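Peer 1: So I've got this file, final.cif, and it contains mmCIF, C-alpha atoms:
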data_data
#
loop_
_atom_site.label_atom_id
_atom_site.label_comp_id
_atom_site.auth_asym_id
_atom_site.auth_seq_id
_atom_site.Cartn_x
_atom_site.Cartn_y
_atom_site.Cartn_z
CA MET A 1 65.74 -8.23 -19.22
CA ILE A 2 64.33 -5.14 -20.89
CA THR A 3 65.54 -4.04 -24.30
CA LEU A 4 65.07 -0.63 -25.88
CA ASP A 5 66.86 1.07 -28.71
CA ARG A 6 69.24 3.99 -28.39
CA ARG A 7 66.75 6.38 -30.05
CA GLN A 8 64.07 5.55 -27.45
CA LEU A 9 66.51 6.06 -24.59
CA GLN A 10 67.52 9.40 -26.11
CA GLU A 11 63.84 10.45 -26.26
CA ILE A 12 63.55 9.79 -22.53
CA ARG A 13 66.84 11.57 -21.77
CA ASP A 14 65.80 14.59 -23.87
CA ALA A 15 62.44 14.78 -22.07
CA ALA A 16 64.18 14.54 -18.70
CA GLU A 17 66.49 17.43 -19.55
CA ALA A 18 63.67 19.54 -21.01
CA ALA A 19 61.51 19.09 -17.89
CA TYR A 20 64.34 19.88 -15.45
CA PRO A 21 64.08 20.91 -12.63
CA ALA A 22 60.69 19.13 -12.65
CA GLU A 23 60.19 15.45 -13.43
CA CYS A 24 59.21 14.22 -16.88
CA CYS A 25 57.03 11.16 -17.34
CA GLY A 26 55.52 8.90 -19.96
CA LEU A 27 54.45 5.41 -20.88
CA LEU A 28 56.29 2.49 -22.42
CA VAL A 29 54.70 0.23 -25.01
CA GLY A 30 56.22 -3.14 -25.78
CA ARG A 31 56.00 -6.85 -26.39
CA GLY A 32 57.04 -9.94 -24.48
CA GLY A 33 57.58 -10.32 -20.78
CA LEU A 34 60.30 -10.30 -18.19
CA SER A 35 60.67 -14.08 -18.32
CA ASP A 36 61.25 -14.21 -22.08
CA GLY A 37 62.63 -10.74 -22.74
CA LEU A 38 60.64 -7.52 -22.78
CA ARG A 39 61.13 -5.30 -25.83
CA ILE A 40 60.13 -1.64 -25.72
CA THR A 41 58.58 -0.69 -29.07
CA ARG A 42 57.41 2.84 -28.33
CA VAL A 43 57.94 5.67 -25.85
CA VAL A 44 54.82 7.80 -25.30
CA PRO A 45 55.42 11.10 -23.46
CA SER A 46 52.81 12.37 -21.01
CA PRO A 47 52.36 15.79 -19.56
CA ASN A 48 53.36 15.71 -15.89
CA LEU A 49 50.09 16.65 -14.23
CA ALA A 50 51.84 17.05 -10.86
CA ALA A 51 54.68 19.31 -12.03
CA GLU A 52 53.23 22.38 -10.31
CA GLU A 53 53.10 20.52 -6.97
CA GLY A 54 56.88 20.20 -6.74
CA ASN A 55 59.97 18.87 -8.49
CA ASP A 56 59.84 15.50 -6.74
CA ARG A 57 56.65 14.04 -8.18
CA PHE A 58 54.94 13.05 -11.38
CA GLU A 59 51.48 12.08 -12.52
CA ILE A 60 50.75 10.48 -15.87
CA ASP A 61 47.72 11.76 -17.76
CA THR A 62 45.00 9.15 -17.14
CA GLU A 63 43.26 10.00 -20.42
CA LEU A 64 46.50 9.23 -22.27
CA LEU A 65 46.79 5.88 -20.48
CA VAL A 66 43.16 4.90 -21.17
CA GLY A 67 43.44 6.00 -24.81
CA LEU A 68 46.62 4.01 -25.26
CA HIS A 69 44.98 0.90 -23.77
CA ARG A 70 42.10 1.31 -26.24
CA GLU A 71 44.47 1.79 -29.17
CA LEU A 72 46.47 -1.31 -28.30
CA LYS A 73 43.47 -3.52 -27.48
CA ASP A 74 43.63 -6.90 -29.23
CA GLY A 75 47.05 -6.12 -30.73
CA PRO A 76 50.47 -7.64 -30.05
CA GLU A 77 51.68 -4.60 -28.08
CA ARG A 78 50.61 -3.40 -24.65
CA VAL A 79 51.50 -0.79 -22.04
CA VAL A 80 54.42 -2.46 -20.26
CA GLY A 81 55.64 0.35 -18.06
CA LEU A 82 56.33 3.97 -17.43
CA TYR A 83 59.30 6.28 -17.26
CA HIS A 84 60.10 9.36 -15.27
CA SER A 85 63.08 11.41 -14.20
CA HIS A 86 64.65 12.19 -10.86
CA PRO A 87 66.05 15.73 -10.91
CA ASP A 88 69.22 15.92 -8.82
CA HIS A 89 68.51 12.50 -7.29
CA PRO A 90 69.68 8.97 -8.14
CA ALA A 91 68.04 6.76 -10.76
CA ALA A 92 66.48 4.64 -8.02
CA PRO A 93 62.84 4.43 -6.92
CA SER A 94 61.87 6.80 -4.13
CA GLU A 95 59.38 6.29 -1.31
CA ARG A 96 56.97 8.49 -3.30
CA ASP A 97 57.42 6.13 -6.29
CA LEU A 98 56.59 3.16 -4.09
CA GLU A 99 53.48 4.89 -2.74
CA GLY A 100 52.32 5.63 -6.30
CA ALA A 101 53.01 2.21 -7.82
CA TRP A 102 49.64 0.99 -9.03
CA ASP A 103 50.38 -2.14 -11.07
CA PRO A 104 52.96 -4.78 -10.12
CA LYS A 105 53.28 -5.87 -13.76
CA LEU A 106 54.62 -2.49 -14.91
CA ILE A 107 58.29 -1.71 -15.28
CA TRP A 108 59.65 1.61 -14.11
CA LEU A 109 62.44 3.34 -16.02
CA ILE A 110 64.06 6.15 -14.04
CA THR A 111 66.55 8.65 -15.43
CA ALA A 112 68.66 10.67 -13.03
CA VAL A 113 69.20 14.30 -14.08
CA GLU A 114 72.20 16.02 -12.54
CA ASP A 115 72.39 19.80 -12.92
CA GLY A 116 70.12 19.65 -15.96
CA ARG A 117 71.96 16.81 -17.74
CA ALA A 118 70.52 13.31 -18.06
CA ALA A 119 72.75 10.74 -16.41
CA ARG A 120 72.08 7.11 -15.52
CA THR A 121 68.85 5.29 -16.45
CA THR A 122 67.74 2.18 -14.57
CA ALA A 123 64.81 -0.25 -14.79
CA HIS A 124 62.78 -1.62 -11.89
CA VAL A 125 59.79 -3.79 -11.04
CA LEU A 126 57.80 -4.05 -7.84
CA GLU A 127 58.90 -6.92 -5.64
CA GLY A 128 56.42 -9.68 -4.91
CA GLU A 129 54.53 -8.06 -2.04
CA GLY A 130 54.85 -4.48 -3.24
CA ARG A 131 57.11 -3.40 -0.37
CA GLY A 132 59.94 -2.30 -2.62
CA PHE A 133 61.42 -2.34 -6.07
CA GLU A 134 63.94 -4.68 -7.64
CA GLU A 135 66.35 -3.42 -10.30
CA ILE A 136 66.34 -5.41 -13.52
CA ALA A 137 68.77 -5.50 -16.44
CA LEU A 138 68.32 -2.86 -19.14
CA ARG A 139 69.89 -3.47 -22.54
CA VAL A 140 70.24 -0.65 -25.07
CA VAL A 141 70.63 -1.65 -28.73
CA ASP A 142 71.21 0.28 -31.95
#
What is this file in structure tokens?

Peer 2:
Amino acid sequence: MITLDRRQLQEIRDAAEAAYPAECCGLLVGRGGLSDGLRITRVVPSPNLAAEEGNDRFEIDTELLVGLHRELKDGPERVVGLYHSHPDHPAAPSERDLEGAWDPKLIWLITAVEDGRAARTTAHVLEGEGRGFEEIALRVVD
């Protein structure tokens, strides 16, 4: 199970609406693991480097990712996942998401945006052999 607080979810929803009709994206920092409960501690927005290529893709800034790994090195937190939005599409991983999945340990939060308004948000991990995603429970707390 993944836990994040309402404020963090609102940050993601706000970014998704602001980026519409393009996708927003960013990184998730947290503690723990899926077996013992993963807690999101920080949402780190990234510019979508692929926004000009179309509204159905995203690319996280590699410099942001590397810098975040350096910042978190030797600490209790780590990059645990990423988030992005799906404008006018469901909050489910797409084929393009599967093609771009680079680390099976990362969680993927996806927020559907319908007509400019953030809707459902879901969490996913790559299945064992990387042929698809599996939805996992997402708990929002105050």

Peer 1: Can you spell out as a VMD selection string the set of residues that the PyMOL selection byres ((chain A and resi 30) around 9) selects in the structure I just provided?

Peer 2: chain A and resid 28 to 29 31 to 33 38 to 43 76 to 81

Peer 1: Which one is closest to Gly132 (chain A): A:Glu95, A:Glu17, A:Asp115, A:Asp103? Count all atoms listed in the file.

Peer 2: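 Comparing A:Glu95, A:Glu17, A:Asp115, A:Asp103 against Gly132 (chain A), the winner is A:Glu95.
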
Peer 1: Please identify all polymer residues within 9 Å of Asp5 (chain A), counting only C-alpha atoms, omitting same-chain residues fewer than 2 positions from it, and present them as a PDB file with C-alpha atoms, in the frame of the given file.

Peer 2:
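Below you can see out_31.pdb, which holds the result:
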ATOM      1  CA  THR A   3      65.540  -4.040 -24.300  1.00  0.00           C
ATOM      2  CA  ARG A   7      66.750   6.380 -30.050  1.00  0.00           C
ATOM      3  CA  GLN A   8      64.070   5.550 -27.450  1.00  0.00           C
ATOM      4  CA  LEU A   9      66.510   6.060 -24.590  1.00  0.00           C
ATOM      5  CA  GLN A  10      67.520   9.400 -26.110  1.00  0.00           C
ATOM      6  CA  ILE A  40      60.130  -1.640 -25.720  1.00  0.00           C
ATOM      7  CA  THR A  41      58.580  -0.690 -29.070  1.00  0.00           C
ATOM      8  CA  ARG A 139      69.890  -3.470 -22.540  1.00  0.00           C
ATOM      9  CA  VAL A 140      70.240  -0.650 -25.070  1.00  0.00           C
ATOM     10  CA  VAL A 141      70.630  -1.650 -28.730  1.00  0.00           C
ATOM     11  CA  ASP A 142      71.210   0.280 -31.950  1.00  0.00           C
TER      12      ASP A 142
END

Peer 1: Report the residues retrieved by the PyMOL selection byres ((chain A and resi 121-125) around 10) from the displayed file, expressed as an MDAnalysis selection string.

Peer 2: chainID A and resid 1:2 9 12:13 34 81:86 90:93 101 103:113 118:120 126:128 130 132:139

Peer 1: Write the residues of the preceding selection, restricted to C-alpha atoms, as a CSV table (one decimal), in the frame of the given file.

Peer 2:
chain,number,residue,atom,x,y,z
A,1,MET,CA,65.7,-8.2,-19.2
A,2,ILE,CA,64.3,-5.1,-20.9
A,9,LEU,CA,66.5,6.1,-24.6
A,12,ILE,CA,63.6,9.8,-22.5
A,13,ARG,CA,66.8,11.6,-21.8
A,34,LEU,CA,60.3,-10.3,-18.2
A,81,GLY,CA,55.6,0.4,-18.1
A,82,LEU,CA,56.3,4.0,-17.4
A,83,TYR,CA,59.3,6.3,-17.3
A,84,HIS,CA,60.1,9.4,-15.3
A,85,SER,CA,63.1,11.4,-14.2
A,86,HIS,CA,64.6,12.2,-10.9
A,90,PRO,CA,69.7,9.0,-8.1
A,91,ALA,CA,68.0,6.8,-10.8
A,92,ALA,CA,66.5,4.6,-8.0
A,93,PRO,CA,62.8,4.4,-6.9
A,101,ALA,CA,53.0,2.2,-7.8
A,103,ASP,CA,50.4,-2.1,-11.1
A,104,PRO,CA,53.0,-4.8,-10.1
A,105,LYS,CA,53.3,-5.9,-13.8
A,106,LEU,CA,54.6,-2.5,-14.9
A,107,ILE,CA,58.3,-1.7,-15.3
A,108,TRP,CA,59.6,1.6,-14.1
A,109,LEU,CA,62.4,3.3,-16.0
A,110,ILE,CA,64.1,6.2,-14.0
A,111,THR,CA,66.6,8.6,-15.4
A,112,ALA,CA,68.7,10.7,-13.0
A,113,VAL,CA,69.2,14.3,-14.1
A,118,ALA,CA,70.5,13.3,-18.1
A,119,ALA,CA,72.8,10.7,-16.4
A,120,ARG,CA,72.1,7.1,-15.5
A,126,LEU,CA,57.8,-4.0,-7.8
A,127,GLU,CA,58.9,-6.9,-5.6
A,128,GLY,CA,56.4,-9.7,-4.9
A,130,GLY,CA,54.8,-4.5,-3.2
A,132,GLY,CA,59.9,-2.3,-2.6
A,133,PHE,CA,61.4,-2.3,-6.1
A,134,GLU,CA,63.9,-4.7,-7.6
A,135,GLU,CA,66.4,-3.4,-10.3
A,136,ILE,CA,66.3,-5.4,-13.5
A,137,ALA,CA,68.8,-5.5,-16.4
A,138,LEU,CA,68.3,-2.9,-19.1
A,139,ARG,CA,69.9,-3.5,-22.5

Peer 1: Taking all atoms listed in the file into account, name the residue in A:Gly26, A:Gly37, A:Gly75, A:Gly116 that is nearest to Leu4 (chain A).

Peer 2: A:Gly37

Peer 1: Report, in Å to a single decimal, how far apart CA of Val44 (chain A) and CA of Glu23 (chain A) are.

Peer 2: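 Between these atoms lies a distance of 15.1 Å.
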
Peer 1: Please provide as an MDAnalysis selection string all residues within 10 Å of region 53-63 of chain A, with the sequence filter that same-chain residues fewer than 2 positions apart are discarded (counting all atoms listed in the file).

Peer 2: chainID A and resid 19:27 45:51 65:69 82:89 94 96:97 100

Peer 1: Calculate how many Å separate CA of Glu114 (chain A) from CA of Trp102 (chain A), rounding to one decimal.

Peer 2: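 So the answer is 27.3 Å.
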
Peer 1: Report, in Å to a single decimal, how far apart CA of Glu52 (chain A) and CA of Ala16 (chain A) are.

Peer 2: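 Computed distance, CA of Ala16 (chain A) to CA of Glu52 (chain A), equals 15.9 Å.
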